[in-house]
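Asker: Let me give you the structure first, and then I'll get to my questions.
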Amino acid sequence: MIIEPIAYFHSPLKSKFGVPRQAGIVPDLRGQVVFEPQFRNVEALRGLEAFDYLWIIWGFSENIKEAPSSFKATVRPPLLGGNERVGVWATRSPFRPNWLGLSSVRIARIEEGVIHVLGADLMDGTPIFDIKPYLEYVDSHTGVRSGFVDERKWKRLEVEMPNELRAQFSANDLKALLAILSEDPRPQYHDDAQRVYGLPFSGRDVRFRVSGNRLVVVGIELIVP
């Protein structure tokens with residue numbers, strides 16, 4: 001089977017660093033599903049406005065470039081600190097044989113063949129291979145077991161960001177950025193209070209340090225194309 005992208009994702013997140021680890025974690029993060037010309041037909045979207053959520057089937061395009069193609073039976077999920085290994089099929093790791101991702105996102109609006117969504121965990125430029133409407137009566141299961149996720153809870157950071165730096169973002173983008181930072185975008189094996197990290201977001205490089213459970217934004221630099 002040969003599959004080709006039907007669309008590409010547009011996001012203020014221009015690299016993998018900082019992308020939410022699951023869809024819905026940052027519900028205010030805006031993005032767009034922009035269809036390729038041959039699929040940009042408004043008739044194909046008829047009826048979708050009656051749904052609140054959407055499934056997106058997409059490709060881990062950046063991981064394909066960086067990771068070896070050989071099959072790895074186990075991976076190290078960030079929720080387990082990046083140290084414990086579990087089977088790849090028991091995780092949502094991006095390092096899998098066919099490099100396919102699946103995300104449920106909220107539909108904000110649909111206009112001119114573009115689907116505006118909220119809460120996606122995709123970086124800018126991600127290829128999208130299919131979309132399907134989310135159906136609550138079959139897609140939602142309450143009171144079920146979720147493996148190691150039930151035993152480990154993600155610890156959020158306290159984010160400190162000076163008002164003069166906050167003023168560089170719109171209200172919506174600022175809310176999403178603060179939520180992304182609170183999720184601790186660093187690799188989980190990093191623990192250097194002096195290290196300065198850079199998070200590309202909405203045309204700016206957000207510079208920050210982390211000490212304990214406290215993240216401090218120390219500066220912002222414009223990204224020159």
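So you can find residues: chains in the structure tokens are A, B, ... in the order shown, residues in each start at 1, and ligands are numbered from 1 in order.
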Where does stretch 46-150 of chain A meet stretch 1-24 of chain A within 7 Å, residue by residue, with the nearest atom pair and distance in Å to one decimal for each, counting only C-alpha atoms, listed by chain and rising number, as JSON lines?
Answerer:
{"residue": "A:Ser103", "atom": "CA", "partner": "A:Ala23", "partner_atom": "CA", "distance": 5.8}
{"residue": "A:Ser104", "atom": "CA", "partner": "A:Ala23", "partner_atom": "CA", "distance": 6.2}
{"residue": "A:Val105", "atom": "CA", "partner": "A:Ala23", "partner_atom": "CA", "distance": 6.5}
{"residue": "A:Gly119", "atom": "CA", "partner": "A:Gly24", "partner_atom": "CA", "distance": 4.5}
{"residue": "A:Ala120", "atom": "CA", "partner": "A:Ala23", "partner_atom": "CA", "distance": 4.9}
{"residue": "A:Asp121", "atom": "CA", "partner": "A:Ala23", "partner_atom": "CA", "distance": 4.8}
{"residue": "A:Leu122", "atom": "CA", "partner": "A:Val19", "partner_atom": "CA", "distance": 6.6}
{"residue": "A:Met123", "atom": "CA", "partner": "A:Leu13", "partner_atom": "CA", "distance": 5.4}
{"residue": "A:Asp124", "atom": "CA", "partner": "A:Ser11", "partner_atom": "CA", "distance": 4.5}
{"residue": "A:Gly125", "atom": "CA", "partner": "A:Phe9", "partner_atom": "CA", "distance": 5.2}
{"residue": "A:Thr126", "atom": "CA", "partner": "A:Phe9", "partner_atom": "CA", "distance": 5.2}
{"residue": "A:Pro127", "atom": "CA", "partner": "A:Tyr8", "partner_atom": "CA", "distance": 4.6}
{"residue": "A:Ile128", "atom": "CA", "partner": "A:Ala7", "partner_atom": "CA", "distance": 5.1}
{"residue": "A:Phe129", "atom": "CA", "partner": "A:Pro5", "partner_atom": "CA", "distance": 4.6}
{"residue": "A:Asp130", "atom": "CA", "partner": "A:Ile6", "partner_atom": "CA", "distance": 6.7}
Asker: Choose the residue, out of A:Asn83, A:Glu136, A:Leu222, A:Ser93, that has the smallest atom-to-atom separation from A:His190; count only C-alpha atoms.
Answerer: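 Nearest candidate to A:His190 out of A:Asn83, A:Glu136, A:Leu222, A:Ser93: A:Asn83.
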Asker: Run DSSP on the backbone and give me the residues of stretch 43-87 of chain A it puts in strand (DSSP E or B), as a PDB file with N, CA and C atoms, in the first residue's frame.
Answerer:
ATOM      1  N   TYR A  53     -14.964  16.765  17.658  1.00  0.00           N
ATOM      2  CA  TYR A  53     -13.593  16.253  17.674  1.00  0.00           C
ATOM      3  C   TYR A  53     -13.292  15.471  16.402  1.00  0.00           C
ATOM      4  N   LEU A  54     -11.993  15.328  16.173  1.00  0.00           N
ATOM      5  CA  LEU A  54     -11.500  14.715  14.949  1.00  0.00           C
ATOM      6  C   LEU A  54     -10.332  13.791  15.279  1.00  0.00           C
ATOM      7  N   TRP A  55     -10.268  12.650  14.609  1.00  0.00           N
ATOM      8  CA  TRP A  55      -9.068  11.805  14.665  1.00  0.00           C
ATOM      9  C   TRP A  55      -8.158  12.197  13.510  1.00  0.00           C
ATOM     10  N   ILE A  56      -6.875  12.348  13.798  1.00  0.00           N
ATOM     11  CA  ILE A  56      -5.885  12.630  12.759  1.00  0.00           C
ATOM     12  C   ILE A  56      -4.882  11.475  12.715  1.00  0.00           C
ATOM     13  N   ILE A  57      -4.688  10.923  11.542  1.00  0.00           N
ATOM     14  CA  ILE A  57      -3.659   9.899  11.324  1.00  0.00           C
ATOM     15  C   ILE A  57      -2.510  10.586  10.588  1.00  0.00           C
ATOM     16  N   TRP A  58      -1.337  10.566  11.192  1.00  0.00           N
ATOM     17  CA  TRP A  58      -0.237  11.389  10.688  1.00  0.00           C
ATOM     18  C   TRP A  58       1.089  10.645  10.775  1.00  0.00           C
ATOM     19  N   GLY A  59       2.160  11.283  10.298  1.00  0.00           N
ATOM     20  CA  GLY A  59       3.461  10.629  10.250  1.00  0.00           C
ATOM     21  C   GLY A  59       4.490  11.317  11.119  1.00  0.00           C
ATOM     22  N   THR A  74      11.456  -2.633  22.529  1.00  0.00           N
ATOM     23  CA  THR A  74      11.153  -1.882  23.742  1.00  0.00           C
ATOM     24  C   THR A  74      11.576  -0.430  23.597  1.00  0.00           C
ATOM     25  N   VAL A  75      10.904   0.432  24.348  1.00  0.00           N
ATOM     26  CA  VAL A  75      11.213   1.868  24.340  1.00  0.00           C
ATOM     27  C   VAL A  75      11.182   2.375  25.779  1.00  0.00           C
ATOM     28  N   VAL A  86       9.614  -0.550  28.344  1.00  0.00           N
ATOM     29  CA  VAL A  86       8.404  -1.353  28.178  1.00  0.00           C
ATOM     30  C   VAL A  86       8.262  -1.666  26.695  1.00  0.00           C
ATOM     31  N   GLY A  87       7.383  -2.599  26.374  1.00  0.00           N
ATOM     32  CA  GLY A  87       7.186  -2.976  24.982  1.00  0.00           C
ATOM     33  C   GLY A  87       6.625  -1.835  24.155  1.00  0.00           C
TER      34      GLY A  87
END
Asker: Between A:Val216, A:Ala179, A:Gly81, A:Val206, which one has atoms that come closest to A:Gln194, using only C-alpha atoms?
Answerer: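 Of all the options, A:Val216 lies closest to A:Gln194.
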Asker: In Å, how far is it from atom CA of A:Val33 to atom CA of A:Asp139?
Answerer: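 About the pair atom CA of A:Val33 and atom CA of A:Asp139: they are 21.3 Å apart.
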Asker: I'd like the neighbourhood of A:Ala108 as a ChimeraX atom specification, where a residue qualifies if any of its atoms comes within 8 Å (using only C-alpha atoms), though same-chain residues fewer than 3 positions away should be ignored.
Answerer: /A:52,115-118
Asker: Can you pull out every residue within 8 Å of stretch 46-51 of chain A, counting only C-alpha atoms, but drop anything in the same chain fewer than 6 positions away, and send it as a list in words?
Answerer: Ile107, Arg109, Ile110, Pro133 and Tyr134 of chain A
Asker: Deliver the residues from the most recent selection as a file, using N, CA, C and O atoms, as a short mmCIF file (atom, residue, chain, number, x, y, z; two decimals), in the first residue's frame.
Answerer:
data_model
loop_
_atom_site.label_atom_id
_atom_site.label_comp_id
_atom_site.auth_asym_id
_atom_site.auth_seq_id
_atom_site.Cartn_x
_atom_site.Cartn_y
_atom_site.Cartn_z
N ILE A 107 -12.21 20.38 17.05
CA ILE A 107 -12.43 21.24 15.89
C ILE A 107 -12.85 22.63 16.38
O ILE A 107 -13.84 22.77 17.10
N ARG A 109 -12.98 25.49 14.06
CA ARG A 109 -13.83 25.97 12.97
C ARG A 109 -13.28 25.41 11.65
O ARG A 109 -12.15 24.94 11.59
N ILE A 110 -14.11 25.49 10.63
CA ILE A 110 -13.72 25.02 9.30
C ILE A 110 -14.00 26.14 8.32
O ILE A 110 -15.11 26.69 8.29
N PRO A 133 -14.01 11.52 11.81
CA PRO A 133 -14.71 12.16 12.92
C PRO A 133 -14.66 11.30 14.18
O PRO A 133 -14.68 10.07 14.11
N TYR A 134 -14.57 11.95 15.32
CA TYR A 134 -14.58 11.28 16.62
C TYR A 134 -16.02 11.01 17.01
O TYR A 134 -16.86 11.91 17.01
#
